[in-house]
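Peer 1: File protein25.cif follows (mmCIF, C-alpha atoms):
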data_work
#
loop_
_atom_site.label_atom_id
_atom_site.label_comp_id
_atom_site.auth_asym_id
_atom_site.auth_seq_id
_atom_site.Cartn_x
_atom_site.Cartn_y
_atom_site.Cartn_z
CA MET A 1 -18.77 14.92 -10.11
CA SER A 2 -17.69 14.93 -6.47
CA THR A 3 -20.30 15.06 -3.75
CA VAL A 4 -19.81 18.27 -1.77
CA VAL A 5 -20.26 17.92 2.00
CA SER A 6 -21.29 21.36 3.22
CA VAL A 7 -20.03 20.98 6.80
CA PRO A 8 -17.70 17.97 6.96
CA ARG A 9 -17.35 16.26 10.32
CA ILE A 10 -13.66 15.87 11.08
CA LEU A 11 -12.59 13.48 13.81
CA VAL A 12 -9.63 15.04 15.68
CA ILE A 13 -7.59 12.35 17.44
CA GLY A 14 -4.90 12.99 20.04
CA THR A 15 -3.87 12.86 23.68
CA GLY A 16 -5.71 15.82 25.17
CA ASP A 17 -3.94 15.53 28.53
CA THR A 18 -0.56 16.40 26.94
CA LYS A 19 -1.51 18.21 23.71
CA SER A 20 -4.58 20.21 24.69
CA ASP A 21 -3.39 23.51 23.22
CA GLU A 22 -2.50 21.95 19.90
CA LEU A 23 -5.72 19.95 19.58
CA GLN A 24 -7.93 22.90 20.51
CA PHE A 25 -6.05 25.05 18.01
CA MET A 26 -6.72 22.41 15.35
CA ALA A 27 -10.41 22.40 16.24
CA SER A 28 -10.55 26.18 15.83
CA VAL A 29 -8.92 26.01 12.39
CA ILE A 30 -11.32 23.28 11.29
CA ARG A 31 -14.23 25.51 12.30
CA GLU A 32 -12.74 28.47 10.45
CA ALA A 33 -12.34 26.29 7.37
CA GLY A 34 -16.02 25.37 7.47
CA GLY A 35 -15.79 21.98 9.12
CA HIS A 36 -17.13 20.57 12.37
CA PRO A 37 -14.45 19.13 14.70
CA VAL A 38 -15.32 15.98 16.64
CA MET A 39 -12.81 15.45 19.44
CA LEU A 40 -11.65 11.91 20.23
CA ASP A 41 -9.34 11.72 23.24
CA VAL A 42 -6.83 8.87 23.48
CA SER A 43 -5.11 10.02 26.66
CA ILE A 44 -4.19 7.32 29.15
CA LEU A 45 -3.12 8.93 32.41
CA GLY A 46 -5.41 11.96 32.63
CA ASP A 47 -8.44 13.73 31.24
CA PRO A 48 -8.02 16.79 28.98
CA PRO A 49 -9.02 20.28 30.20
CA TYR A 50 -11.85 20.28 27.64
CA LEU A 51 -14.82 17.92 27.24
CA PRO A 52 -14.17 15.61 24.27
CA ASP A 53 -16.98 14.20 22.17
CA HIS A 54 -15.51 10.74 22.71
CA SER A 55 -13.51 10.26 25.90
CA ARG A 56 -10.61 7.99 26.76
CA HIS A 57 -13.11 5.93 28.73
CA ASP A 58 -15.17 5.45 25.56
CA VAL A 59 -12.02 4.33 23.75
CA ALA A 60 -11.17 1.82 26.49
CA ALA A 61 -14.72 0.48 26.44
CA ALA A 62 -14.48 -0.04 22.68
CA ALA A 63 -11.44 -2.23 23.40
CA ARG A 64 -13.60 -4.16 25.90
CA THR A 65 -11.56 -2.99 28.85
CA SER A 66 -11.18 0.02 31.16
CA ILE A 67 -8.70 2.84 31.57
CA ASP A 68 -7.57 1.41 34.89
CA ALA A 69 -6.88 -1.95 33.27
CA ILE A 70 -5.01 -0.26 30.42
CA ILE A 71 -2.86 1.72 32.86
CA THR A 72 -1.87 -1.47 34.68
CA SER A 73 -1.49 -3.55 31.51
CA GLY A 74 2.29 -3.60 31.61
CA ASP A 75 4.03 -0.58 30.09
CA GLU A 76 3.42 2.39 27.81
CA ASN A 77 3.66 0.18 24.71
CA SER A 78 0.97 -2.27 25.83
CA ALA A 79 -1.21 0.59 27.06
CA MET A 80 -1.07 2.48 23.76
CA ALA A 81 -1.65 -0.73 21.80
CA LEU A 82 -4.90 -1.25 23.73
CA MET A 83 -5.92 2.35 23.14
CA ALA A 84 -5.19 1.88 19.42
CA GLN A 85 -7.43 -1.19 19.42
CA GLY A 86 -10.25 0.73 21.06
CA ALA A 87 -9.82 3.83 18.92
CA SER A 88 -9.86 1.75 15.73
CA ALA A 89 -13.06 -0.01 16.75
CA LEU A 90 -14.73 3.23 17.80
CA VAL A 91 -13.76 5.09 14.62
CA LEU A 92 -14.95 2.24 12.42
CA ASP A 93 -18.31 2.27 14.23
CA LEU A 94 -18.59 6.04 13.73
CA TYR A 95 -17.79 5.69 10.04
CA ARG A 96 -20.33 2.91 9.53
CA ALA A 97 -22.95 5.04 11.29
CA GLY A 98 -22.22 7.90 8.86
CA LYS A 99 -20.92 10.20 11.59
CA VAL A 100 -17.46 11.04 10.23
CA ASP A 101 -16.31 12.51 6.91
CA GLY A 102 -12.57 12.60 7.60
CA ILE A 103 -9.99 12.12 10.34
CA ILE A 104 -6.89 13.95 11.46
CA ALA A 105 -4.55 12.62 14.14
CA LEU A 106 -1.72 14.35 15.97
CA GLY A 107 1.20 12.68 17.63
CA GLY A 108 4.81 11.83 18.18
CA SER A 109 5.85 8.21 17.79
CA MET A 110 3.16 7.05 20.26
CA GLY A 111 0.33 8.96 18.64
CA THR A 112 1.51 8.02 15.16
CA ASP A 113 1.55 4.34 16.12
CA LEU A 114 -2.11 4.62 17.14
CA ALA A 115 -3.05 6.77 14.14
CA LEU A 116 -1.71 4.20 11.68
CA ASP A 117 -4.01 1.54 13.14
CA VAL A 118 -7.02 3.86 13.04
CA SER A 119 -6.35 4.88 9.43
CA ALA A 120 -5.96 1.26 8.33
CA VAL A 121 -9.51 0.28 9.30
CA LEU A 122 -11.10 2.93 7.09
CA PRO A 123 -11.71 2.35 3.36
CA VAL A 124 -10.07 4.21 0.50
CA GLY A 125 -11.82 7.53 -0.09
CA ILE A 126 -12.23 8.65 3.51
CA PRO A 127 -9.66 11.45 4.07
CA LYS A 128 -7.01 10.44 6.58
CA PHE A 129 -4.37 12.92 7.73
CA VAL A 130 -1.63 12.33 10.28
CA VAL A 131 0.44 15.19 11.68
CA SER A 132 3.52 13.44 13.04
CA THR A 133 7.01 14.12 14.31
CA ILE A 134 8.12 10.99 12.40
CA ALA A 135 6.34 11.58 9.09
CA TYR A 136 8.28 10.12 6.13
CA SER A 137 10.60 8.36 8.56
CA HIS A 138 11.90 4.82 8.05
CA LEU A 139 10.45 4.16 11.51
CA VAL A 140 7.09 3.89 9.76
CA PRO A 141 6.90 0.44 8.11
CA PRO A 142 5.19 0.47 4.70
CA GLU A 143 2.81 -2.34 5.59
CA ARG A 144 1.14 -0.11 8.19
CA ILE A 145 0.41 2.81 5.87
CA ALA A 146 -3.16 3.06 4.56
CA PRO A 147 -3.34 3.39 0.75
CA ASP A 148 -4.57 7.00 0.78
CA LEU A 149 -2.98 8.21 4.01
CA MET A 150 -1.68 11.79 3.98
CA MET A 151 1.09 12.81 6.36
CA ILE A 152 2.84 16.05 7.22
CA LEU A 153 5.86 16.53 9.44
CA TRP A 154 4.96 18.17 12.73
CA ALA A 155 7.89 20.54 12.54
CA GLY A 156 8.70 22.44 15.72
CA GLY A 157 5.75 20.95 17.55
CA LEU A 158 7.11 18.51 20.09
CA TYR A 159 6.00 20.63 23.04
CA GLY A 160 3.61 23.57 22.88
CA LEU A 161 2.51 25.94 20.16
CA SER A 162 4.88 28.07 18.11
CA GLY A 163 4.68 29.98 14.86
CA ILE A 164 6.07 27.02 12.89
CA CYS A 165 3.80 24.58 14.69
CA CYS A 166 0.69 26.65 14.01
CA ALA A 167 1.61 26.94 10.33
CA VAL A 168 1.89 23.16 10.01
CA LEU A 169 -1.27 22.41 11.98
CA SER A 170 -3.32 24.95 10.04
CA GLN A 171 -2.16 23.49 6.70
CA ALA A 172 -3.11 20.01 7.83
CA CYS A 173 -6.54 21.05 9.11
CA GLY A 174 -7.32 23.03 5.98
CA ALA A 175 -6.26 20.06 3.86
CA VAL A 176 -8.44 17.52 5.62
CA VAL A 177 -11.50 19.80 5.57
CA GLY A 178 -11.05 20.44 1.86
CA ALA A 179 -10.53 16.76 1.16
CA ALA A 180 -13.60 15.77 3.16
CA ARG A 181 -15.72 18.42 1.45
CA HIS A 182 -14.76 17.53 -2.11
CA SER A 183 -13.51 13.94 -2.03
CA ARG A 184 -14.88 11.61 -4.66
CA LYS A 185 -15.53 8.14 -3.29
CA PRO A 186 -14.43 5.18 -5.46
CA ASP A 187 -17.01 4.16 -8.05
CA THR A 188 -17.93 0.55 -7.35
CA ALA A 189 -20.34 0.11 -10.25
CA ARG A 190 -17.81 -1.95 -12.22
CA PRO A 191 -15.66 -4.77 -10.80
CA LEU A 192 -12.17 -3.55 -9.94
CA ILE A 193 -9.07 -5.19 -11.39
CA GLY A 194 -5.77 -4.55 -9.60
CA MET A 195 -2.62 -4.41 -11.70
CA THR A 196 1.00 -3.76 -10.76
CA SER A 197 3.69 -2.30 -12.98
CA LEU A 198 6.63 0.03 -13.25
CA GLY A 199 6.77 3.00 -15.61
CA SER A 200 6.32 2.29 -19.29
CA THR A 201 10.05 2.72 -20.00
CA CYS A 202 10.51 -0.59 -18.17
CA LEU A 203 7.17 -2.44 -18.43
CA LYS A 204 4.58 -1.81 -21.12
CA TYR A 205 1.80 -4.43 -20.85
CA MET A 206 -0.65 -2.08 -19.08
CA LYS A 207 -0.90 0.03 -22.25
CA HIS A 208 -2.64 -2.89 -23.94
CA LEU A 209 -4.31 -4.56 -20.98
CA LYS A 210 -5.99 -1.57 -19.33
CA PRO A 211 -8.09 -0.42 -22.30
CA GLU A 212 -9.00 -4.01 -23.16
CA LEU A 213 -10.19 -4.72 -19.63
CA GLU A 214 -12.11 -1.45 -19.53
CA ARG A 215 -13.78 -2.38 -22.82
CA ARG A 216 -14.91 -5.57 -21.09
CA GLY A 217 -16.59 -3.53 -18.37
CA TYR A 218 -13.97 -3.44 -15.61
CA ASP A 219 -12.39 -0.63 -13.67
CA VAL A 220 -8.60 -1.01 -13.66
CA ALA A 221 -6.24 0.42 -11.04
CA VAL A 222 -2.51 0.25 -11.92
CA PHE A 223 -0.21 0.42 -8.89
CA HIS A 224 3.38 1.66 -9.23
CA ALA A 225 5.40 -1.17 -7.71
CA THR A 226 8.11 0.95 -6.11
CA GLY A 227 7.42 0.16 -2.48
CA MET A 228 4.41 2.19 -1.41
CA GLY A 229 2.46 1.38 -4.57
CA GLY A 230 2.78 -2.32 -3.86
CA ARG A 231 1.79 -1.65 -0.27
CA ALA A 232 -1.39 0.07 -1.41
CA PHE A 233 -2.10 -2.84 -3.76
CA GLU A 234 -1.70 -5.32 -0.88
CA ALA A 235 -3.91 -3.25 1.42
CA VAL A 236 -6.78 -3.24 -1.08
CA ALA A 237 -6.28 -6.94 -1.81
CA GLU A 238 -6.34 -7.78 1.89
CA LYS A 239 -9.83 -6.31 2.19
CA GLY A 240 -11.04 -8.22 -0.88
CA GLY A 241 -11.33 -5.03 -2.90
CA PHE A 242 -10.37 -6.63 -6.24
CA ALA A 243 -12.45 -8.90 -8.46
CA ALA A 244 -9.14 -10.24 -9.82
CA VAL A 245 -5.51 -9.13 -10.07
CA PHE A 246 -2.90 -8.96 -12.79
CA ASP A 247 0.12 -8.90 -10.47
CA PHE A 248 2.69 -8.62 -13.22
CA CYS A 249 5.41 -6.63 -11.43
CA ILE A 250 6.58 -8.46 -8.31
CA GLN A 251 9.95 -6.76 -8.04
CA GLU A 252 9.17 -5.65 -4.49
CA VAL A 253 9.55 -9.29 -3.42
CA SER A 254 13.17 -9.13 -4.59
CA ASN A 255 13.66 -5.74 -2.98
CA HIS A 256 12.45 -6.98 0.39
CA HIS A 257 14.50 -10.17 0.15
CA TYR A 258 17.66 -8.10 -0.32
CA GLY A 259 16.80 -5.60 2.42
CA SER A 260 16.16 -2.63 0.13
CA ILE A 261 14.25 0.30 1.56
CA VAL A 262 12.13 0.14 -1.62
CA THR A 263 9.90 -2.42 0.04
CA SER A 264 6.20 -3.12 0.37
CA GLY A 265 6.71 -5.20 3.49
CA PRO A 266 7.06 -8.92 4.10
CA ASP A 267 3.56 -9.85 2.87
CA ARG A 268 3.96 -8.67 -0.72
CA LEU A 269 2.37 -11.22 -3.10
CA GLU A 270 0.33 -12.80 -0.31
CA ASN A 271 -2.86 -10.85 0.40
CA ALA A 272 -4.77 -11.49 -2.81
CA GLY A 273 -4.11 -15.19 -2.39
CA ARG A 274 -5.04 -15.14 1.27
CA ALA A 275 -8.31 -13.38 0.44
CA GLY A 276 -9.11 -15.91 -2.29
CA VAL A 277 -8.93 -13.29 -5.06
CA PRO A 278 -8.26 -14.85 -8.50
CA GLN A 279 -4.75 -13.84 -9.45
CA ILE A 280 -2.73 -13.97 -12.64
CA VAL A 281 0.91 -13.41 -11.69
CA ALA A 282 3.97 -12.72 -13.83
CA PRO A 283 7.59 -12.06 -12.80
CA GLY A 284 7.89 -8.55 -14.22
CA ALA A 285 11.20 -6.96 -13.15
CA VAL A 286 11.75 -9.60 -10.47
CA ASP A 287 15.31 -9.96 -11.76
CA MET A 288 16.07 -6.44 -10.51
CA VAL A 289 16.57 -5.00 -7.05
CA ASP A 290 15.63 -1.35 -6.72
CA LEU A 291 17.81 0.83 -4.52
CA PRO A 292 18.00 4.55 -3.78
CA SER A 293 20.40 5.97 -6.35
CA TRP A 294 21.72 8.40 -3.74
CA ARG A 295 23.16 5.55 -1.67
CA GLU A 296 25.90 3.01 -2.37
CA PRO A 297 24.59 -0.51 -3.13
CA PRO A 298 25.05 -3.10 -0.35
CA PRO A 299 28.19 -5.26 -0.66
CA VAL A 300 26.25 -8.32 -1.88
CA LEU A 301 25.09 -6.32 -4.92
CA ALA A 302 28.02 -3.95 -5.36
CA ASP A 303 29.54 -5.76 -8.36
CA ARG A 304 26.27 -6.39 -10.20
CA PRO A 305 25.19 -4.52 -13.38
CA TYR A 306 23.51 -1.22 -12.47
CA HIS A 307 21.02 1.09 -14.17
CA ALA A 308 20.21 4.54 -12.73
CA HIS A 309 16.60 5.37 -13.51
CA ASN A 310 16.82 8.89 -12.04
CA ARG A 311 18.35 10.67 -9.03
CA LEU A 312 16.01 8.82 -6.66
CA ILE A 313 16.03 5.21 -7.78
CA GLY A 314 18.31 2.78 -9.59
CA SER A 315 18.33 -0.95 -10.23
CA VAL A 316 20.87 -3.77 -9.98
CA THR A 317 20.40 -7.33 -11.16
CA ALA A 318 20.48 -10.28 -8.80
CA SER A 319 23.01 -13.03 -9.46
CA PRO A 320 21.88 -16.34 -10.97
CA GLU A 321 21.84 -17.98 -7.54
CA GLY A 322 20.07 -14.93 -6.13
CA ARG A 323 17.38 -15.33 -8.76
CA ARG A 324 16.94 -18.95 -7.78
CA GLU A 325 16.39 -17.78 -4.21
CA ILE A 326 13.78 -15.28 -5.39
CA ALA A 327 12.03 -17.94 -7.46
CA ARG A 328 11.70 -20.13 -4.37
CA VAL A 329 10.35 -17.19 -2.32
CA VAL A 330 7.77 -16.40 -5.01
CA ALA A 331 6.72 -20.05 -5.25
CA ALA A 332 6.29 -20.34 -1.47
CA LYS A 333 4.12 -17.22 -1.33
CA LEU A 334 1.87 -18.37 -4.18
CA GLY A 335 1.65 -21.81 -2.64
CA ARG A 336 -0.36 -20.33 0.23
CA ALA A 337 -3.02 -18.86 -2.07
CA ALA A 338 -6.61 -19.86 -1.38
CA GLY A 339 -7.96 -18.67 -4.73
CA LYS A 340 -7.39 -19.50 -8.39
CA THR A 341 -3.77 -18.71 -9.28
CA ALA A 342 -1.85 -18.79 -12.54
CA PHE A 343 1.77 -17.89 -13.21
CA LEU A 344 2.71 -16.57 -16.65
CA LEU A 345 6.39 -17.08 -17.44
CA PRO A 346 7.70 -14.95 -20.35
CA ILE A 347 10.66 -16.95 -21.62
CA GLU A 348 12.35 -14.10 -23.52
CA GLY A 349 12.66 -11.57 -20.69
CA LEU A 350 11.15 -9.78 -17.73
CA GLN A 351 11.72 -6.05 -18.29
CA GLU A 352 12.88 -3.64 -21.00
CA TRP A 353 16.47 -3.33 -19.80
CA ASP A 354 17.17 -7.09 -19.87
CA LYS A 355 16.98 -7.25 -23.68
CA PRO A 356 20.19 -7.92 -25.67
CA GLY A 357 22.33 -4.80 -25.73
CA GLU A 358 20.62 -3.26 -22.71
CA PRO A 359 22.53 -2.62 -19.44
CA LEU A 360 20.81 -5.36 -17.41
CA ASN A 361 20.91 -8.15 -19.97
CA ASP A 362 21.95 -11.40 -18.24
CA PRO A 363 20.94 -14.60 -20.08
CA ALA A 364 22.48 -16.87 -17.43
CA GLY A 365 20.60 -15.14 -14.63
CA HIS A 366 17.31 -15.29 -16.51
CA ALA A 367 17.82 -18.97 -17.32
CA ALA A 368 18.42 -19.68 -13.65
CA PHE A 369 15.15 -18.02 -12.66
CA VAL A 370 13.17 -19.85 -15.34
CA ASP A 371 14.65 -23.19 -14.32
CA GLU A 372 13.95 -22.65 -10.61
CA ILE A 373 10.38 -21.47 -11.15
CA ARG A 374 9.68 -24.63 -13.14
CA LYS A 375 10.99 -26.70 -10.25
CA SER A 376 9.47 -24.73 -7.38
CA LEU A 377 5.90 -23.72 -8.27
CA PRO A 378 3.46 -25.81 -6.21
CA PRO A 379 0.56 -27.79 -7.72
CA ASN A 380 -2.05 -25.15 -6.86
CA VAL A 381 -0.38 -22.70 -9.27
CA ALA A 382 -0.99 -23.22 -12.98
CA LEU A 383 2.22 -22.50 -14.90
CA ARG A 384 1.86 -21.07 -18.40
CA GLU A 385 5.09 -20.53 -20.32
CA ILE A 386 4.95 -17.89 -23.04
CA ASP A 387 7.56 -17.77 -25.77
CA ALA A 388 7.76 -13.98 -25.73
CA HIS A 389 9.15 -11.03 -23.79
CA ILE A 390 6.89 -9.60 -21.08
CA ASN A 391 6.62 -6.37 -23.10
CA ALA A 392 5.60 -8.15 -26.31
CA PRO A 393 1.94 -7.87 -27.41
CA HIS A 394 1.70 -11.68 -27.49
CA PHE A 395 2.29 -11.83 -23.73
CA SER A 396 -0.65 -9.47 -23.09
CA ASP A 397 -2.84 -11.39 -25.52
CA VAL A 398 -2.21 -14.64 -23.65
CA ALA A 399 -3.00 -12.95 -20.34
CA LEU A 400 -6.29 -11.59 -21.70
CA ALA A 401 -7.25 -14.96 -23.14
CA LEU A 402 -6.70 -16.60 -19.75
CA PHE A 403 -8.71 -13.90 -18.01
CA ASP A 404 -11.57 -14.28 -20.50
CA ALA A 405 -11.58 -18.02 -19.84
CA TRP A 406 -11.83 -17.40 -16.10
CA VAL A 407 -14.77 -15.06 -16.67
CA ALA A 408 -16.49 -17.68 -18.84
CA GLU A 409 -15.94 -20.27 -16.09
CA GLY A 410 -17.39 -17.95 -13.43
CA ILE A 411 -14.09 -17.63 -11.57
CA VAL A 412 -14.11 -13.86 -12.15
CA PRO A 413 -17.38 -11.85 -12.20
CA GLU A 414 -18.45 -10.45 -15.54
CA GLY A 415 -17.75 -6.80 -16.24
CA ARG A 416 -20.44 -4.15 -16.40
CA PRO A 417 -20.10 -2.00 -19.53
#
Would you mind writing the file's structure down as C-alpha cells?

Peer 2:
Amino acid sequence: MSTVVSVPRILVIGTGDTKSDELQFMASVIREAGGHPVMLDVSILGDPPYLPDHSRHDVAAAARTSIDAIITSGDENSAMALMAQGASALVLDLYRAGKVDGIIALGGSMGTDLALDVSAVLPVGIPKFVVSTIAYSHLVPPERIAPDLMMILWAGGLYGLSGICCAVLSQACGAVVGAARHSRKPDTARPLIGMTSLGSTCLKYMKHLKPELERRGYDVAVFHATGMGGRAFEAVAEKGGFAAVFDFCIQEVSNHHYGSIVTSGPDRLENAGRAGVPQIVAPGAVDMVDLPSWREPPPVLADRPYHAHNRLIGSVTASPEGRREIARVVAAKLGRAAGKTAFLLPIEGLQEWDKPGEPLNDPAGHAAFVDEIRKSLPPNVALREIDAHINAPHFSDVALALFDAWVAEGIVPEGRP
C-alpha cells in the first residue's frame, strides 16, 4: 500500500525575477490540486515580485557565499553553477528535515542545468519533475539524469504565459502533486541486488536468477541496459544503494566507445566498483553496438552485420579488433574497482543473436574478445570461464553458486526472507 500524503509540500524552483508569472501560476495549480507550494527562488540579478519561502540569498548562503560574490564570479555559467550548488544543498537539507514531498523546477537551458543537479541529490522515490525547453534533448547528458526524473517539454513557454504554456504547466503541476500524494517509497527491508539486461529475446538469465535471488531473501531490480537504464543503474550504485550487482549486460560500454547516442555516459561499469559494492560482471551483448534504427550507421560500422530490433533500435557487431578494444576498456574500468569483483566469461556466446545461424554470429569476433579479456583483466578481478552460452541455464547456475559463496564468506549480506 502507498502512504497517502494529504497535503503534499511541493518545492517550486525557478528564477522568479524572469519567470514570476509562470511560477505563480504553477503555485496556484498546485494549490488547486490539493498541494502546498513552497517557493524556492534561484534568481541571480534581482528579487521576484513575490516573497519566496526560500530566497536567492538563502540559496547563496547554502553555497557558502553571497549573491554579490556569485554575480561577480565570472560569467553566467559560473554564477548558475554556484546557485545550483547552493540549491542542491538547501533542497537536500529540506528533504532530510522532512519538509518536502516533491519538487518541480522550471527553466530553459540555465534552469534545467540547475534542476538536474538538484534532482540528483534526492533519493529514488521522491517525485522530481522538470519543465524544460530542452526536455528529451541530446543537450541533456544521460549521466546527469536522476533515475526517476520526470520531464515535460515546456512548449510555447519561453517568454510569458500562453494557452499552450498553461496547459503544459498545469499538467506538470498536477502530475507532481499526484505523485507526491501517492508515491510508494522503495522498500528497504531486504537487501537490493542490481542486475542489468536487455529484453528476453536477447538475454534470458534474469528469468532464472531473479526468482532464485528473491527466494534467498533479496529484492532484485533489473535495469534495461539501453542507455537510460544503465544510467539509472549507475546512479543507484554510486550512492551505494546495492548490496551486490549482477552486471551481466555491459553493452553500453561498447555503445559509448563507438559514440552511439544509446549511451549511459562515460562512467558506465565504474560506480559499483568505486563504491566498493561486490560485483559479478559478465559481457552480455558487449559484442553489439546499439544504434537508432531510424539513422544510418556511422561509417566505421556501416559494413558490419546488422539486426533491427524494432523501429527505434538496431544492433551491429563490432569487428574483431573493435572487440579487442572493448575488452581493454572493460578491463581498465574493472581494474579501478575497490570492492570484490568477478568476471564470468561465457565461452559459447554473449547474446541470443550470436548463435550459429543467427544474424550476428561471428566466431572470429567472439574469439578475439575472449582472447583479449584473458590477457587484459587485472589481478583484482577474478576470471571464471564458463563453457556455456550466456543464455544457458548452466551460466546462471554458476553465477548463483558464486554469489552464494560470497554470502557465506560475508562479502554480501544475507537476505531477509

Peer 1: In Å, how far is it from CA of Asp53 in chain A to CA of Ile67 in chain A?

Peer 2: 16.9 Å

Peer 1: Give me, as JSON lines, each residue of range 190-259 of chain A that comes within 7 Å of range 143-151 of chain A, together with its shortest interatomic pair and the distance in Å at one decimal, counting all atoms listed in the file, with rows ordered by chain and rising residue number.

Peer 2:
{"residue": "A:Arg231", "atom": "CA", "partner": "A:Glu143", "partner_atom": "CA", "distance": 6.0}
{"residue": "A:Ala232", "atom": "CA", "partner": "A:Pro147", "partner_atom": "CA", "distance": 4.4}
{"residue": "A:Ala235", "atom": "CA", "partner": "A:Pro147", "partner_atom": "CA", "distance": 6.7}

Peer 1: Assuming the chain letters and numbering stay as they are in my file, what does the PyMOL selection byres ((chain A and resi 201-204) around 10) actually select? List them as a PDB file with C-alpha atoms, in the coordinates of the input.

Peer 2:
ATOM      1  CA  THR A 196       1.000  -3.760 -10.760  1.00  0.00           C
ATOM      2  CA  SER A 197       3.690  -2.300 -12.980  1.00  0.00           C
ATOM      3  CA  LEU A 198       6.630   0.030 -13.250  1.00  0.00           C
ATOM      4  CA  GLY A 199       6.770   3.000 -15.610  1.00  0.00           C
ATOM      5  CA  SER A 200       6.320   2.290 -19.290  1.00  0.00           C
ATOM      6  CA  TYR A 205       1.800  -4.430 -20.850  1.00  0.00           C
ATOM      7  CA  MET A 206      -0.650  -2.080 -19.080  1.00  0.00           C
ATOM      8  CA  LYS A 207      -0.900   0.030 -22.250  1.00  0.00           C
ATOM      9  CA  HIS A 208      -2.640  -2.890 -23.940  1.00  0.00           C
ATOM     10  CA  LEU A 209      -4.310  -4.560 -20.980  1.00  0.00           C
ATOM     11  CA  PHE A 248       2.690  -8.620 -13.220  1.00  0.00           C
ATOM     12  CA  CYS A 249       5.410  -6.630 -11.430  1.00  0.00           C
ATOM     13  CA  GLY A 284       7.890  -8.550 -14.220  1.00  0.00           C
ATOM     14  CA  ALA A 285      11.200  -6.960 -13.150  1.00  0.00           C
ATOM     15  CA  HIS A 309      16.600   5.370 -13.510  1.00  0.00           C
ATOM     16  CA  LEU A 350      11.150  -9.780 -17.730  1.00  0.00           C
ATOM     17  CA  GLN A 351      11.720  -6.050 -18.290  1.00  0.00           C
ATOM     18  CA  GLU A 352      12.880  -3.640 -21.000  1.00  0.00           C
ATOM     19  CA  TRP A 353      16.470  -3.330 -19.800  1.00  0.00           C
ATOM     20  CA  ASP A 354      17.170  -7.090 -19.870  1.00  0.00           C
ATOM     21  CA  ILE A 390       6.890  -9.600 -21.080  1.00  0.00           C
ATOM     22  CA  ASN A 391       6.620  -6.370 -23.100  1.00  0.00           C
ATOM     23  CA  ALA A 392       5.600  -8.150 -26.310  1.00  0.00           C
ATOM     24  CA  PRO A 393       1.940  -7.870 -27.410  1.00  0.00           C
ATOM     25  CA  SER A 396      -0.650  -9.470 -23.090  1.00  0.00           C
TER      26      SER A 396
END

Peer 1: Which residues match the PyMOL selection byres ((chain A and resi 406-416) around 12) in the file above, as a PyMOL selection string?

Peer 2: chain A and resi 188-193+212-220+242-245+276-280+339-342+399-405+417

Peer 1: Report as a PyMOL selection string the full result of the PyMOL selection byres ((chain A and resi 168-179) around 10) when it is applied to this structure.

Peer 2: chain A and resi 4-5+7-10+12+22-23+25-37+101-106+125-131+150-157+161-167+180-184

Peer 1: Using all atoms listed in the file, which residues sit within 9 Å of Ile313 in chain A once same-chain residues fewer than 2 positions away are excluded, as a VMD selection string?

Peer 2: chain A and resid 262 290 to 294 308 to 311 315

Peer 1: Suppose you want the space between CA of Met39 in chain A and CA of Val59 in chain A; what is it in Å?

Peer 2: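 So the two atoms, CA of Met39 in chain A and CA of Val59 in chain A, lie 12.0 Å apart.
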
Peer 1: Calculate how many Å separate CA of His307 in chain A from CA of Phe223 in chain A, rounding to one decimal.

Peer 2: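 For CA of His307 in chain A relative to CA of Phe223 in chain A, the distance reads 21.9 Å.
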
Peer 1: Hey, could you make a per-residue contact list for range 35-72 of chain A against range 16-21 of chain A with 12 Å as the cut-off, showing the nearest pair of atoms and its distance in Å to one decimal, counting all atoms listed in the file, sorted by chain and number, as JSON lines?

Peer 2:
{"residue": "A:Met39", "atom": "CA", "partner": "A:Gly16", "partner_atom": "CA", "distance": 9.1}
{"residue": "A:Leu40", "atom": "CA", "partner": "A:Gly16", "partner_atom": "CA", "distance": 8.7}
{"residue": "A:Asp41", "atom": "CA", "partner": "A:Gly16", "partner_atom": "CA", "distance": 5.8}
{"residue": "A:Val42", "atom": "CA", "partner": "A:Gly16", "partner_atom": "CA", "distance": 7.2}
{"residue": "A:Ser43", "atom": "CA", "partner": "A:Asp17", "partner_atom": "CA", "distance": 5.9}
{"residue": "A:Ile44", "atom": "CA", "partner": "A:Asp17", "partner_atom": "CA", "distance": 8.2}
{"residue": "A:Leu45", "atom": "CA", "partner": "A:Asp17", "partner_atom": "CA", "distance": 7.7}
{"residue": "A:Gly46", "atom": "CA", "partner": "A:Asp17", "partner_atom": "CA", "distance": 5.6}
{"residue": "A:Asp47", "atom": "CA", "partner": "A:Asp17", "partner_atom": "CA", "distance": 5.6}
{"residue": "A:Pro48", "atom": "CA", "partner": "A:Asp17", "partner_atom": "CA", "distance": 4.3}
{"residue": "A:Pro49", "atom": "CA", "partner": "A:Ser20", "partner_atom": "CA", "distance": 7.1}
{"residue": "A:Tyr50", "atom": "CA", "partner": "A:Ser20", "partner_atom": "CA", "distance": 7.8}
{"residue": "A:Leu51", "atom": "CA", "partner": "A:Gly16", "partner_atom": "CA", "distance": 9.6}
{"residue": "A:Pro52", "atom": "CA", "partner": "A:Gly16", "partner_atom": "CA", "distance": 8.5}
{"residue": "A:Asp53", "atom": "CA", "partner": "A:Gly16", "partner_atom": "CA", "distance": 11.8}
{"residue": "A:His54", "atom": "CA", "partner": "A:Gly16", "partner_atom": "CA", "distance": 11.3}
{"residue": "A:Ser55", "atom": "CA", "partner": "A:Gly16", "partner_atom": "CA", "distance": 9.6}
{"residue": "A:Arg56", "atom": "CA", "partner": "A:Gly16", "partner_atom": "CA", "distance": 9.4}

Peer 1: Under the rule that only C-alpha atoms are counted, which of A:Ala275, A:Ala87, A:Ile134, A:Val222 is the nearest residue to Lys239 in chain A?

Peer 2: A:Ala275

Peer 1: Would you mind telling me which residue in A:Val398, A:Leu114, A:Met80, A:Leu345 lies nearest to Asp371 in chain A when using all atoms listed in the file?

Peer 2: A:Leu345

Peer 1: With distances taken over all atoms listed in the file, which residue among A:Gly335, A:Gly86, A:Pro320, A:Gly273 lies nearest Thr65 in chain A?

Peer 2: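 Among A:Gly335, A:Gly86, A:Pro320, A:Gly273, it is A:Gly86 that comes nearest to Thr65 in chain A.
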
Peer 1: Could you name the residues that touch Phe343 in chain A at 10 Å or less, counting only C-alpha atoms, but leaving out those on the same chain fewer than 4 positions away, as JSON, numbers by chain?

Peer 2: {"A": [247, 248, 279, 280, 281, 282, 283, 331, 334, 373, 377, 381, 382, 383, 384, 385, 399]}
